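File shown: run-v2.pdb. Contents: PDB, C-alpha atoms.
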```pdb
ATOM      1  CA  MET A  14      36.846  24.289 -40.540
ATOM      2  CA  LYS A  15      39.236  26.147 -38.278
ATOM      3  CA  LEU A  16      38.956  25.189 -34.608
ATOM      4  CA  PHE A  17      37.026  27.759 -32.595
ATOM      5  CA  THR A  18      39.161  29.068 -29.717
ATOM      6  CA  ILE A  19      37.946  30.508 -26.432
ATOM      7  CA  PRO A  20      40.001  33.499 -25.177
ATOM      8  CA  MET A  21      42.080  32.711 -22.110
ATOM      9  CA  PRO A  22      40.218  35.129 -19.749
ATOM     10  CA  ILE A  23      36.920  33.462 -20.726
ATOM     11  CA  ARG A  24      38.454  30.032 -20.039
ATOM     12  CA  TYR A  25      39.448  31.102 -16.543
ATOM     13  CA  LEU A  26      35.981  32.585 -15.962
ATOM     14  CA  ILE A  27      34.222  29.372 -17.072
ATOM     15  CA  ASN A  28      36.446  27.226 -14.864
ATOM     16  CA  ALA A  29      36.008  29.565 -11.883
ATOM     17  CA  VAL A  30      32.208  29.616 -12.213
ATOM     18  CA  LEU A  31      31.989  25.835 -12.553
ATOM     19  CA  ILE A  32      34.314  25.214  -9.598
ATOM     20  CA  ALA A  33      32.434  27.717  -7.417
ATOM     21  CA  ALA A  34      29.096  26.112  -8.334
ATOM     22  CA  LEU A  35      30.346  22.621  -7.482
ATOM     23  CA  LEU A  36      32.022  23.801  -4.288
ATOM     24  CA  PHE A  37      29.103  25.718  -2.828
ATOM     25  CA  GLY A  38      26.514  23.282  -4.187
ATOM     26  CA  GLY A  39      28.311  20.410  -2.471
ATOM     27  CA  ASN A  40      28.584  22.416   0.735
ATOM     28  CA  LEU A  41      24.834  23.108   0.707
ATOM     29  CA  ILE A  42      24.137  19.381   0.340
ATOM     30  CA  ILE A  43      26.466  18.534   3.236
ATOM     31  CA  GLN A  44      25.199  21.327   5.494
ATOM     32  CA  GLY A  45      21.596  20.483   4.640
ATOM     33  CA  GLY A  46      21.986  17.034   6.164
ATOM     34  CA  LEU A  47      20.882  15.257   2.979
ATOM     35  CA  LEU A  48      23.651  12.687   3.442
ATOM     36  CA  GLY A  49      24.428  10.586   6.476
ATOM     37  CA  ARG A  50      27.417  11.163   8.740
ATOM     38  CA  ALA A  51      29.282   8.173   7.288
ATOM     39  CA  MET A  52      28.776   9.449   3.734
ATOM     40  CA  ASN A  53      29.971  12.917   4.740
ATOM     41  CA  GLN A  54      33.148  11.377   6.172
ATOM     42  CA  GLU A  55      33.659   9.378   2.984
ATOM     43  CA  ILE A  56      33.338  12.499   0.822
ATOM     44  CA  LEU A  57      36.026  14.189   2.908
ATOM     45  CA  ASN A  58      38.245  11.089   2.609
ATOM     46  CA  ILE A  59      37.869  11.217  -1.170
ATOM     47  CA  GLY A  60      39.115  14.817  -1.192
ATOM     48  CA  ILE A  61      42.097  13.919   1.011
ATOM     49  CA  PHE A  62      43.080  11.012  -1.231
ATOM     50  CA  ILE A  63      42.726  13.200  -4.321
ATOM     51  CA  ILE A  64      45.365  15.530  -2.836
ATOM     52  CA  LEU A  65      47.610  12.559  -2.003
ATOM     53  CA  ALA A  66      47.240  11.036  -5.472
ATOM     54  CA  VAL A  67      47.749  14.291  -7.390
ATOM     55  CA  SER A  68      50.819  15.156  -5.303
ATOM     56  CA  LEU A  69      52.368  11.700  -5.753
ATOM     57  CA  ASN A  70      51.577  11.875  -9.470
ATOM     58  CA  LEU A  71      53.951  14.846  -9.689
ATOM     59  CA  VAL A  72      56.880  12.573  -8.772
ATOM     60  CA  THR A  73      55.785   9.267 -10.321
ATOM     61  CA  GLY A  74      53.872  10.413 -13.385
ATOM     62  CA  TYR A  75      55.576  13.662 -14.380
ATOM     63  CA  LEU A  76      59.086  13.180 -12.966
ATOM     64  CA  GLY A  77      59.245   9.431 -13.618
ATOM     65  CA  GLN A  78      60.569   8.359 -10.190
ATOM     66  CA  LEU A  79      59.185   5.655  -7.885
ATOM     67  CA  PRO A  80      59.013   6.724  -4.211
ATOM     68  CA  LEU A  81      57.223   4.489  -1.702
ATOM     69  CA  GLY A  82      57.249   6.779   1.329
ATOM     70  CA  HIS A  83      54.361   9.134   0.620
ATOM     71  CA  ALA A  84      52.555   7.998   3.771
ATOM     72  CA  GLY A  85      55.596   9.202   5.746
ATOM     73  CA  PHE A  86      55.110  12.784   4.545
ATOM     74  CA  MET A  87      51.402  12.439   5.252
ATOM     75  CA  ALA A  88      52.232  11.327   8.809
ATOM     76  CA  VAL A  89      54.597  14.268   9.311
ATOM     77  CA  GLY A  90      51.859  16.682   8.232
ATOM     78  CA  ALA A  91      49.164  14.975  10.299
ATOM     79  CA  TYR A  92      51.138  14.982  13.546
ATOM     80  CA  THR A  93      52.499  18.490  12.972
ATOM     81  CA  ALA A  94      48.988  19.871  12.527
ATOM     82  CA  GLY A  95      47.544  17.778  15.359
ATOM     83  CA  ILE A  96      50.181  18.911  17.870
ATOM     84  CA  PHE A  97      49.910  22.550  16.749
ATOM     85  CA  TRP A  98      46.106  22.540  16.988
ATOM     86  CA  ARG A  99      46.184  20.950  20.440
ATOM     87  CA  ALA A 100      48.436  23.752  21.656
ATOM     88  CA  GLY A 101      45.618  26.235  20.950
ATOM     89  CA  VAL A 102      47.904  29.233  20.476
ATOM     90  CA  LEU A 103      45.626  30.901  17.891
ATOM     91  CA  PRO A 104      41.867  31.388  17.383
ATOM     92  CA  ASP A 105      40.131  28.460  15.693
ATOM     93  CA  ASN A 106      39.901  29.695  12.087
ATOM     94  CA  LEU A 107      43.396  31.161  12.086
ATOM     95  CA  SER A 108      44.739  28.073  13.842
ATOM     96  CA  MET A 109      43.208  25.819  11.189
ATOM     97  CA  VAL A 110      44.865  27.676   8.290
ATOM     98  CA  ALA A 111      48.193  28.031  10.112
ATOM     99  CA  GLY A 112      48.179  24.339  11.041
ATOM    100  CA  ILE A 113      47.606  23.235   7.464
ATOM    101  CA  LEU A 114      50.365  25.512   6.128
ATOM    102  CA  LEU A 115      52.764  24.470   8.894
ATOM    103  CA  ALA A 116      52.059  20.800   8.178
ATOM    104  CA  GLY A 117      52.888  21.316   4.502
ATOM    105  CA  LEU A 118      56.073  23.261   5.226
ATOM    106  CA  VAL A 119      57.414  20.725   7.730
ATOM    107  CA  ALA A 120      56.649  17.879   5.321
ATOM    108  CA  ALA A 121      58.382  19.811   2.501
ATOM    109  CA  ALA A 122      61.452  20.266   4.738
ATOM    110  CA  PHE A 123      61.539  16.505   5.285
ATOM    111  CA  GLY A 124      61.110  16.084   1.522
ATOM    112  CA  ILE A 125      64.200  18.196   0.855
ATOM    113  CA  LEU A 126      66.256  16.405   3.530
ATOM    114  CA  ILE A 127      65.296  12.991   2.174
ATOM    115  CA  GLY A 128      65.265  14.022  -1.481
ATOM    116  CA  ILE A 129      68.813  15.379  -1.716
ATOM    117  CA  PRO A 130      70.486  12.014  -0.979
ATOM    118  CA  ALA A 131      67.651   9.728  -2.136
ATOM    119  CA  LEU A 132      67.098  11.213  -5.595
ATOM    120  CA  ARG A 133      70.663  10.436  -6.599
ATOM    121  CA  LEU A 134      69.382   6.867  -6.795
ATOM    122  CA  ARG A 135      66.977   5.478  -9.361
ATOM    123  CA  GLY A 136      64.378   2.771  -9.764
ATOM    124  CA  ASP A 137      64.304   0.039  -7.132
ATOM    125  CA  TYR A 138      66.967   1.727  -4.999
ATOM    126  CA  LEU A 139      64.907   4.916  -4.711
ATOM    127  CA  ALA A 140      61.810   2.866  -3.860
ATOM    128  CA  ILE A 141      63.676   1.034  -1.074
ATOM    129  CA  ILE A 142      65.168   4.148   0.540
ATOM    130  CA  THR A 143      61.850   6.034   0.494
ATOM    131  CA  LEU A 144      60.089   2.967   1.862
ATOM    132  CA  GLY A 145      62.626   2.967   4.696
ATOM    133  CA  PHE A 146      61.915   6.654   5.333
ATOM    134  CA  GLY A 147      58.175   6.013   5.623
ATOM    135  CA  GLU A 148      58.703   3.185   8.105
ATOM    136  CA  MET A 149      61.236   5.270  10.046
ATOM    137  CA  ILE A 150      58.674   8.042  10.526
ATOM    138  CA  ARG A 151      56.082   5.550  11.763
ATOM    139  CA  VAL A 152      58.530   4.037  14.251
ATOM    140  CA  LEU A 153      59.612   7.471  15.508
ATOM    141  CA  VAL A 154      56.000   8.521  16.009
ATOM    142  CA  THR A 155      55.359   5.317  17.964
ATOM    143  CA  ASN A 156      58.392   5.756  20.210
ATOM    144  CA  ILE A 157      58.019   9.377  21.313
ATOM    145  CA  PRO A 158      54.693   9.170  23.176
ATOM    146  CA  SER A 159      55.373  12.359  25.145
ATOM    147  CA  VAL A 160      55.005  14.333  21.896
ATOM    148  CA  THR A 161      52.911  12.214  19.523
ATOM    149  CA  GLY A 162      50.891  10.077  21.919
ATOM    150  CA  GLY A 163      52.745   6.950  20.785
ATOM    151  CA  ALA A 164      50.888   3.751  19.898
ATOM    152  CA  PRO A 165      47.708   4.651  21.874
ATOM    153  CA  GLY A 166      47.241   7.649  19.588
ATOM    154  CA  LEU A 167      46.869  11.433  19.591
ATOM    155  CA  SER A 168      43.539  13.253  19.637
ATOM    156  CA  SER A 169      43.178  16.254  17.332
ATOM    157  CA  PRO A 170      40.579  19.017  16.913
ATOM    158  CA  ARG A 171      38.261  18.231  14.004
ATOM    159  CA  TYR A 172      38.731  21.262  11.781
ATOM    160  CA  SER A 173      38.183  19.568   8.402
ATOM    161  CA  SER A 174      34.943  20.360   6.589
ATOM    162  CA  PHE A 175      33.719  20.048   3.016
ATOM    163  CA  LEU A 176      34.747  23.606   2.138
ATOM    164  CA  VAL A 177      38.162  23.335   3.806
ATOM    165  CA  VAL A 178      39.026  19.983   2.199
ATOM    166  CA  TYR A 179      37.837  20.800  -1.303
ATOM    167  CA  ILE A 180      39.331  24.289  -1.348
ATOM    168  CA  CYS A 181      42.626  22.527  -0.614
ATOM    169  CA  VAL A 182      41.865  20.051  -3.428
ATOM    170  CA  ILE A 183      41.306  22.909  -5.886
ATOM    171  CA  LEU A 184      44.436  24.775  -4.783
ATOM    172  CA  THR A 185      46.536  21.590  -5.029
ATOM    173  CA  CYS A 186      45.342  20.748  -8.535
ATOM    174  CA  ALA A 187      45.713  24.373  -9.684
ATOM    175  CA  ALA A 188      49.227  24.714  -8.250
ATOM    176  CA  ILE A 189      50.512  21.482  -9.805
ATOM    177  CA  HIS A 190      48.777  22.269 -13.119
ATOM    178  CA  MET A 191      50.425  25.711 -13.272
ATOM    179  CA  LEU A 192      53.784  24.218 -12.293
ATOM    180  CA  MET A 193      53.609  21.666 -15.105
ATOM    181  CA  LYS A 194      52.605  24.332 -17.661
ATOM    182  CA  SER A 195      55.627  26.465 -16.739
ATOM    183  CA  ARG A 196      59.241  26.077 -17.881
ATOM    184  CA  HIS A 197      59.907  24.219 -14.653
ATOM    185  CA  GLY A 198      57.250  21.689 -15.598
ATOM    186  CA  ARG A 199      58.802  21.212 -19.017
ATOM    187  CA  ALA A 200      62.166  20.601 -17.333
ATOM    188  CA  ILE A 201      60.563  17.985 -15.079
ATOM    189  CA  LEU A 202      58.995  16.242 -18.076
ATOM    190  CA  SER A 203      62.313  16.267 -19.931
ATOM    191  CA  ILE A 204      63.943  14.456 -17.000
ATOM    192  CA  ARG A 205      61.256  11.791 -17.206
ATOM    193  CA  GLU A 206      61.772  11.306 -20.937
ATOM    194  CA  ASN A 207      65.573  11.214 -20.920
ATOM    195  CA  GLU A 208      67.553  12.342 -17.903
ATOM    196  CA  ILE A 209      70.934  12.202 -19.650
ATOM    197  CA  ALA A 210      69.697  14.292 -22.584
ATOM    198  CA  ALA A 211      68.082  16.786 -20.204
ATOM    199  CA  GLU A 212      71.303  17.182 -18.246
ATOM    200  CA  SER A 213      73.323  17.603 -21.449
ATOM    201  CA  CYS A 214      70.988  20.480 -22.403
ATOM    202  CA  GLY A 215      71.890  22.340 -19.220
ATOM    203  CA  ILE A 216      68.951  21.321 -17.005
ATOM    204  CA  ASN A 217      69.940  20.938 -13.376
ATOM    205  CA  THR A 218      68.356  17.524 -12.874
ATOM    206  CA  THR A 219      69.157  17.287  -9.149
ATOM    207  CA  TYR A 220      67.530  20.667  -8.485
ATOM    208  CA  TYR A 221      64.330  19.792 -10.338
ATOM    209  CA  LYS A 222      64.122  16.342  -8.773
ATOM    210  CA  VAL A 223      64.399  17.775  -5.263
ATOM    211  CA  MET A 224      61.977  20.584  -6.116
ATOM    212  CA  ALA A 225      59.336  18.151  -7.398
ATOM    213  CA  PHE A 226      59.922  15.913  -4.375
ATOM    214  CA  ALA A 227      59.519  18.868  -1.972
ATOM    215  CA  VAL A 228      56.327  20.131  -3.670
ATOM    216  CA  SER A 229      54.896  16.614  -3.592
ATOM    217  CA  ALA A 230      55.805  16.291   0.115
ATOM    218  CA  PHE A 231      54.242  19.698   0.869
ATOM    219  CA  PHE A 232      50.842  18.664  -0.465
ATOM    220  CA  ALA A 233      51.117  15.252   1.201
ATOM    221  CA  GLY A 234      51.628  17.142   4.464
ATOM    222  CA  VAL A 235      48.534  19.256   3.726
ATOM    223  CA  ALA A 236      46.560  16.043   3.123
ATOM    224  CA  GLY A 237      47.892  14.694   6.427
ATOM    225  CA  ALA A 238      46.654  17.801   8.260
ATOM    226  CA  LEU A 239      43.211  17.415   6.666
ATOM    227  CA  PHE A 240      43.249  13.727   7.644
ATOM    228  CA  ALA A 241      43.956  14.698  11.260
ATOM    229  CA  GLY A 242      41.172  17.270  11.162
ATOM    230  CA  ASN A 243      38.773  14.727   9.682
ATOM    231  CA  THR A 244      39.382  11.696  11.905
ATOM    232  CA  GLY A 245      40.115  13.614  15.103
ATOM    233  CA  PHE A 246      42.449  10.841  16.244
ATOM    234  CA  LEU A 247      45.858   9.753  14.955
ATOM    235  CA  VAL A 248      47.540   6.383  15.385
ATOM    236  CA  PRO A 249      50.892   5.411  13.785
ATOM    237  CA  ASP A 250      49.418   2.361  12.035
ATOM    238  CA  SER A 251      47.301   4.671   9.852
ATOM    239  CA  PHE A 252      50.509   5.636   8.003
ATOM    240  CA  ASP A 253      52.066   2.241   7.388
ATOM    241  CA  PHE A 254      53.524   0.782   4.203
ATOM    242  CA  MET A 255      50.080  -0.181   2.862
ATOM    243  CA  MET A 256      48.978   3.456   2.903
ATOM    244  CA  SER A 257      51.856   4.339   0.545
ATOM    245  CA  ILE A 258      50.947   1.375  -1.665
ATOM    246  CA  ASN A 259      47.285   2.445  -1.782
ATOM    247  CA  ILE A 260      48.245   5.967  -2.886
ATOM    248  CA  LEU A 261      50.607   4.595  -5.547
ATOM    249  CA  MET A 262      47.897   2.197  -6.713
ATOM    250  CA  ILE A 263      45.505   5.114  -7.231
ATOM    251  CA  VAL A 264      48.076   6.921  -9.386
ATOM    252  CA  VAL A 265      48.862   3.830 -11.476
ATOM    253  CA  LEU A 266      45.188   2.977 -11.955
ATOM    254  CA  GLY A 267      44.261   6.507 -13.002
ATOM    255  CA  GLY A 268      47.193   6.828 -15.386
ATOM    256  CA  MET A 269      50.693   8.005 -14.531
ATOM    257  CA  GLY A 270      50.970  11.560 -15.768
ATOM    258  CA  SER A 271      47.222  12.261 -15.811
ATOM    259  CA  MET A 272      45.845  14.577 -13.134
ATOM    260  CA  ALA A 273      42.263  13.844 -14.191
ATOM    261  CA  GLY A 274      43.018  10.119 -13.954
ATOM    262  CA  ALA A 275      44.386  10.548 -10.427
ATOM    263  CA  VAL A 276      41.235  12.421  -9.374
ATOM    264  CA  ILE A 277      38.864   9.824 -10.863
ATOM    265  CA  ALA A 278      40.819   6.854  -9.503
ATOM    266  CA  ALA A 279      41.047   8.415  -6.022
ATOM    267  CA  ALA A 280      37.277   8.921  -5.945
ATOM    268  CA  ALA A 281      36.594   5.408  -7.250
ATOM    269  CA  LEU A 282      39.039   3.446  -5.103
ATOM    270  CA  THR A 283      38.240   5.372  -1.918
ATOM    271  CA  SER A 284      34.484   4.886  -2.239
ATOM    272  CA  LEU A 285      34.473   1.353  -3.697
ATOM    273  CA  PRO A 286      35.027  -0.594  -0.440
ATOM    274  CA  VAL A 287      32.240   1.425   1.212
ATOM    275  CA  LEU A 288      29.837   0.867  -1.685
ATOM    276  CA  MET A 289      30.483  -2.873  -1.491
ATOM    277  CA  GLN A 290      29.778  -3.232   2.222
ATOM    278  CA  PHE A 291      26.837  -5.502   1.453
ATOM    279  CA  LEU A 292      29.469  -7.999   0.238
ATOM    280  CA  ALA A 293      31.418  -7.745   3.479
ATOM    281  CA  GLN A 294      33.155 -11.118   3.139
ATOM    282  CA  TYR A 295      34.088 -10.733  -0.510
ATOM    283  CA  ARG A 296      34.513  -7.014  -1.088
ATOM    284  CA  MET A 297      38.327  -7.001  -0.849
ATOM    285  CA  ILE A 298      38.531  -9.957  -3.265
ATOM    286  CA  ILE A 299      36.274  -8.135  -5.731
ATOM    287  CA  TYR A 300      38.282  -4.955  -5.182
ATOM    288  CA  ALA A 301      41.551  -6.765  -6.016
ATOM    289  CA  LEU A 302      40.046  -8.539  -9.048
ATOM    290  CA  MET A 303      38.808  -5.237 -10.487
ATOM    291  CA  LEU A 304      42.296  -3.756 -10.174
ATOM    292  CA  ILE A 305      43.859  -6.801 -11.858
ATOM    293  CA  ILE A 306      41.361  -6.662 -14.729
ATOM    294  CA  VAL A 307      41.992  -2.949 -15.323
ATOM    295  CA  MET A 308      45.771  -3.478 -15.310
ATOM    296  CA  ILE A 309      45.500  -6.387 -17.773
ATOM    297  CA  PHE A 310      43.244  -4.665 -20.286
ATOM    298  CA  LYS A 311      44.372  -1.048 -19.699
ATOM    299  CA  PRO A 312      47.982  -1.174 -18.477
ATOM    300  CA  THR A 313      48.445   2.571 -18.991
ATOM    301  CA  GLY A 314      45.669   3.280 -16.495
ATOM    302  CA  LEU A 315      42.152   4.535 -17.004
ATOM    303  CA  LEU A 316      43.172   7.767 -18.773
ATOM    304  CA  GLY A 317      46.814   7.092 -19.675
ATOM    305  CA  THR A 318      48.463  10.511 -19.912
ATOM    306  CA  TYR A 319      45.264  12.330 -20.965
ATOM    307  CA  ASP A 320      44.333  15.419 -18.972
ATOM    308  CA  PHE A 321      40.755  16.670 -19.035
ATOM    309  CA  SER A 322      40.143  20.209 -20.272
ATOM    310  CA  LEU A 323      36.639  21.678 -20.149
ATOM    311  CA  SER A 324      37.653  24.564 -22.413
ATOM    312  CA  ARG A 325      39.013  22.167 -25.039
ATOM    313  CA  LEU A 326      35.757  20.190 -25.016
ATOM    314  CA  LEU A 327      33.733  23.388 -25.393
ATOM    315  CA  GLU A 328      35.936  24.522 -28.295
ATOM    316  CA  LYS A 329      35.463  21.211 -30.115
ATOM    317  CA  GLY A 330      31.712  21.244 -29.455
ATOM    318  CA  ILE A 331      31.278  24.816 -30.749
ATOM    319  CA  THR A 332      33.427  24.037 -33.807
ATOM    320  CA  ARG A 333      31.282  21.002 -34.684
ATOM    321  CA  LEU A 334      28.092  22.986 -34.108
ATOM    322  CA  ARG A 335      29.268  25.754 -36.422
ATOM    323  CA  ALA A 336      30.371  23.201 -39.013
ATOM    324  CA  GLY A 337      26.912  21.605 -38.938
ATOM    325  CA  ARG A 338      25.191  24.947 -39.490
ATOM    326  CA  ALA A 339      27.567  26.126 -42.227
ATOM    327  CA  PRO A 340      26.117  25.906 -45.793
ATOM    328  CA  LYS A 341      27.587  23.139 -47.917
ATOM    329  CA  LYS A 342      29.639  24.190 -50.915
ATOM    330  CA  GLY A 343      28.584  23.056 -54.382
ATOM    331  CA  GLY A 344      25.124  21.989 -53.250
ATOM    332  CA  GLY A 345      23.242  23.031 -56.465
ATOM    333  CA  ASP A 346      20.891  20.647 -58.404
ATOM    334  CA  ARG A 347      22.287  18.663 -61.273
ATOM    335  CA  ASP A 348      20.407  17.742 -64.456
TER     336      ASP A 348
END
```

Spell out the structure here as structure tokens.
Amino acid sequence: MKLFTIPMPIRYLINAVLIAALLFGGNLIIQGGLLGRAMNQEILNIGIFIILAVSLNLVTGYLGQLPLGHAGFMAVGAYTAGIFWRAGVLPDNLSMVAGILLAGLVAAAFGILIGIPALRLRGDYLAIITLGFGEMIRVLVTNIPSVTGGAPGLSSPRYSSFLVVYICVILTCAAIHMLMKSRHGRAILSIRENEIAAESCGINTTYYKVMAFAVSAFFAGVAGALFAGNTGFLVPDSFDFMMSINILMIVVLGGMGSMAGAVIAAAALTSLPVLMQFLAQYRMIIYALMLIIVMIFKPTGLLGTYDFSLSRLLEKGITRLRAGRAPKKGGGDRD
């Protein structure tokens, strides 16, 4: 039987209704005080790491590069937003939105400045130079205390809330999804598959590499601003090398090239250490063993390159339902 197809406007309507229900339902639970303060903080952290993982997945999964400085862009966004918010030049709500956008733009500018020379390199060399960038940002933040507060830290207004964080999550996922469905996304994927062939077909590989790097840095900066608004206090050690490794680990575990995998892995790996607090002495060992087991038995990650589509699942379900109700051909009695 021919696959039942849902018209595109109906698909958008279904997705919008489901997202709105989850968003406002979650906000009611948080505002109603049904969860403790620590759990509320953890839910916000999950949203922040989803943004970080999805944005890094654009460069590692879709573009096929290996940067190790994502925490550097996060730090740029966090300190940009924190300093801007402390200045108090705008009313609270307007200041919150402007701070998040400014954090993303400044991080994207750093992404372009670093990406133009760095993305001429490949593989291990790109990893090393981006790792150096991340450490350079951390050292700079530590050594300009008059601006960033230095090692003691910088206090920041706590603007992050469930609605703010998860609206940013939705916008990040939607923006990267639309980018990858466009001709620009197809160009990015072609670079991952075969850069030489893509360049021979007239694709400006340097342009698309820098563009992907800048978009990834922009959303990392947004995540940094949300992190500042969630914790209310910034210290340079929060953005060290291990932060970049943790974000990369989420992407690899979820499946490089799978946005749904990045979302699921970010939620799982962010909440797992908290859920295992009753095994305080052994939780990090168990955490590491679980990662090793997944990588041994599922080296492509939890979802590989699969991307979840609610509309596709509904189409398959309706098609099977209609096939089950359809009368069977040639079903008459035989003597």

Report task. For the structure provided, state which residues fall under the PyMOL selection byres ((chain A and resi 251) around 12), and present them as a PyMOL selection string. Result -> chain A and resi 84-85+87-88+91-92+147-148+150-151+154-155+164+166-167+237+240-241+244+246-250+252-257+259

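Closest approach to A:Val276 from the set A:Phe37, A:Tyr221, A:Tyr295, A:Phe62 is made by A:Phe62, with distances taken over only C-alpha atoms.
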
Query raised in the report: Restricting the calculation to only C-alpha atoms, which member of A:Gly242, A:Gly162, A:Pro170, A:Gly95 is positioned closest to A:Leu57?
Result: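 Among the listed residues, the smallest separation from A:Leu57 belongs to A:Gly242.
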
Query raised in the report: atom CA of A:Ser195 to atom CA of A:Ala230: how many Å, to one decimal?
Result: 19.7 Å

What would the selection look like, as a compact mmCIF listing (two decimals) with C-alpha atoms, keeping the file's coordinate frame, if the PyMOL selection byres ((chain A and resi 67) around 12) were run on the coordinates I just shared?
```
# COMPACT_ATOMS: atom_id res chain seq x y z
CA GLY A 60 39.12 14.82 -1.19
CA ILE A 61 42.10 13.92 1.01
CA PHE A 62 43.08 11.01 -1.23
CA ILE A 63 42.73 13.20 -4.32
CA ILE A 64 45.36 15.53 -2.84
CA LEU A 65 47.61 12.56 -2.00
CA ALA A 66 47.24 11.04 -5.47
CA SER A 68 50.82 15.16 -5.30
CA LEU A 69 52.37 11.70 -5.75
CA ASN A 70 51.58 11.88 -9.47
CA LEU A 71 53.95 14.85 -9.69
CA VAL A 72 56.88 12.57 -8.77
CA THR A 73 55.78 9.27 -10.32
CA GLY A 74 53.87 10.41 -13.38
CA TYR A 75 55.58 13.66 -14.38
CA HIS A 83 54.36 9.13 0.62
CA CYS A 181 42.63 22.53 -0.61
CA VAL A 182 41.86 20.05 -3.43
CA ILE A 183 41.31 22.91 -5.89
CA LEU A 184 44.44 24.78 -4.78
CA THR A 185 46.54 21.59 -5.03
CA CYS A 186 45.34 20.75 -8.54
CA ALA A 187 45.71 24.37 -9.68
CA ALA A 188 49.23 24.71 -8.25
CA ILE A 189 50.51 21.48 -9.80
CA HIS A 190 48.78 22.27 -13.12
CA VAL A 228 56.33 20.13 -3.67
CA SER A 229 54.90 16.61 -3.59
CA ALA A 230 55.80 16.29 0.12
CA PHE A 231 54.24 19.70 0.87
CA PHE A 232 50.84 18.66 -0.46
CA ALA A 233 51.12 15.25 1.20
CA ALA A 236 46.56 16.04 3.12
CA ILE A 260 48.24 5.97 -2.89
CA LEU A 261 50.61 4.60 -5.55
CA ILE A 263 45.50 5.11 -7.23
CA VAL A 264 48.08 6.92 -9.39
CA VAL A 265 48.86 3.83 -11.48
CA GLY A 267 44.26 6.51 -13.00
CA GLY A 268 47.19 6.83 -15.39
CA MET A 269 50.69 8.01 -14.53
CA GLY A 270 50.97 11.56 -15.77
CA SER A 271 47.22 12.26 -15.81
CA MET A 272 45.84 14.58 -13.13
CA ALA A 273 42.26 13.84 -14.19
CA GLY A 274 43.02 10.12 -13.95
CA ALA A 275 44.39 10.55 -10.43
CA VAL A 276 41.24 12.42 -9.37
CA ILE A 277 38.86 9.82 -10.86
CA ALA A 278 40.82 6.85 -9.50
CA ALA A 279 41.05 8.41 -6.02
CA ALA A 280 37.28 8.92 -5.94
```

**Report entry** Output of the PyMOL selection byres ((chain A and resi 219) around 8), listed as an MDAnalysis selection string
**Finding:** chainID A and resid 129 132:133 217:218 220:223

Selection to disk with C-alpha atoms, as a CSV table (one decimal), keeping the file's coordinate frame:
```
chain,number,residue,atom,x,y,z
A,129,ILE,CA,68.8,15.4,-1.7
A,132,LEU,CA,67.1,11.2,-5.6
A,133,ARG,CA,70.7,10.4,-6.6
A,217,ASN,CA,69.9,20.9,-13.4
A,218,THR,CA,68.4,17.5,-12.9
A,220,TYR,CA,67.5,20.7,-8.5
A,221,TYR,CA,64.3,19.8,-10.3
A,222,LYS,CA,64.1,16.3,-8.8
A,223,VAL,CA,64.4,17.8,-5.3
```

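Minimum atom-to-atom distance to A:Phe310, evaluated using all atoms listed in the file, belongs to A:Leu266 out of A:Ile331, A:Ile59, A:Ala121, A:Leu266.
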
Requested in this report: Would you mind listing what lies within 10 Å of A:Ile299 as number ranges by chain, with only C-alpha atoms counted and same-chain residues fewer than 5 positions away left out?
Outcome: A: 285-286, 289, 292, 294, 304-305

Query raised in the report: Taking into account only C-alpha atoms, which residue in the set A:Gly215, A:Gly234, A:Pro130, A:Gly198 is nearest to A:Leu118?
Result: A:Gly234

Report summary line: Using all atoms listed in the file, the residue out of A:Met308, A:Asn58, A:Tyr172, A:Ala200 with shortest distance to A:Ser108 is A:Tyr172

Requested in this report: Take atom CA of A:Arg199 and atom CA of A:Gly82 and report the distance between them in Å, one decimal.
Outcome: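 Result for atom CA of A:Arg199 versus atom CA of A:Gly82: 25.0 Å, one decimal.
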
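The spacing separating atom CA of A:His197 from atom CA of A:Phe123 amounts to 21.4 Å.
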
Requested in this report: For A:Ile141, please output as number ranges by chain all residues within 9 Å (counting only C-alpha atoms; exclusion window: fewer than 3 positions along the same chain).
Outcome: A: 80-82, 136-138, 144-146

**Report entry** Of the listed residues A:Leu107, A:Leu76, A:Leu192, A:Val102, that which approaches A:Asn207 most closely, counting all atoms listed in the file
**Finding:**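 So, comparing all the options, the nearest one is A:Leu76.
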
Give, as lines of an AutoDock Vina configuration file, the centre coordinates and the x, y and z edge lengths in Å to one decimal for an axis-aligned box around all listed atoms of stretch 223-235 of chain A, padded by 6 Å on each side.
```
center_x = 56.5
center_y = 17.9
center_z = -1.5
size_x = 27.9
size_y = 17.3
size_z = 23.9
```

Fix up stretch 87-91 of chain A with N, CA and C atoms, then write it as a PDB file, keeping the file's coordinate frame.
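What follows is the written file out-v4.pdb:
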```pdb
ATOM      1  N   MET A  87      52.763  12.250   4.741  1.00  0.00           N
ATOM      2  CA  MET A  87      51.402  12.439   5.252  1.00  0.00           C
ATOM      3  C   MET A  87      51.396  12.397   6.779  1.00  0.00           C
ATOM      4  N   ALA A  88      52.148  11.446   7.352  1.00  0.00           N
ATOM      5  CA  ALA A  88      52.232  11.327   8.809  1.00  0.00           C
ATOM      6  C   ALA A  88      52.874  12.557   9.433  1.00  0.00           C
ATOM      7  N   VAL A  89      53.933  13.064   8.801  1.00  0.00           N
ATOM      8  CA  VAL A  89      54.597  14.268   9.311  1.00  0.00           C
ATOM      9  C   VAL A  89      53.601  15.432   9.356  1.00  0.00           C
ATOM     10  N   GLY A  90      52.848  15.608   8.268  1.00  0.00           N
ATOM     11  CA  GLY A  90      51.859  16.682   8.232  1.00  0.00           C
ATOM     12  C   GLY A  90      50.749  16.491   9.243  1.00  0.00           C
ATOM     13  N   ALA A  91      50.273  15.251   9.378  1.00  0.00           N
ATOM     14  CA  ALA A  91      49.164  14.975  10.299  1.00  0.00           C
ATOM     15  C   ALA A  91      49.557  15.263  11.741  1.00  0.00           C
TER      16      ALA A  91
END
```
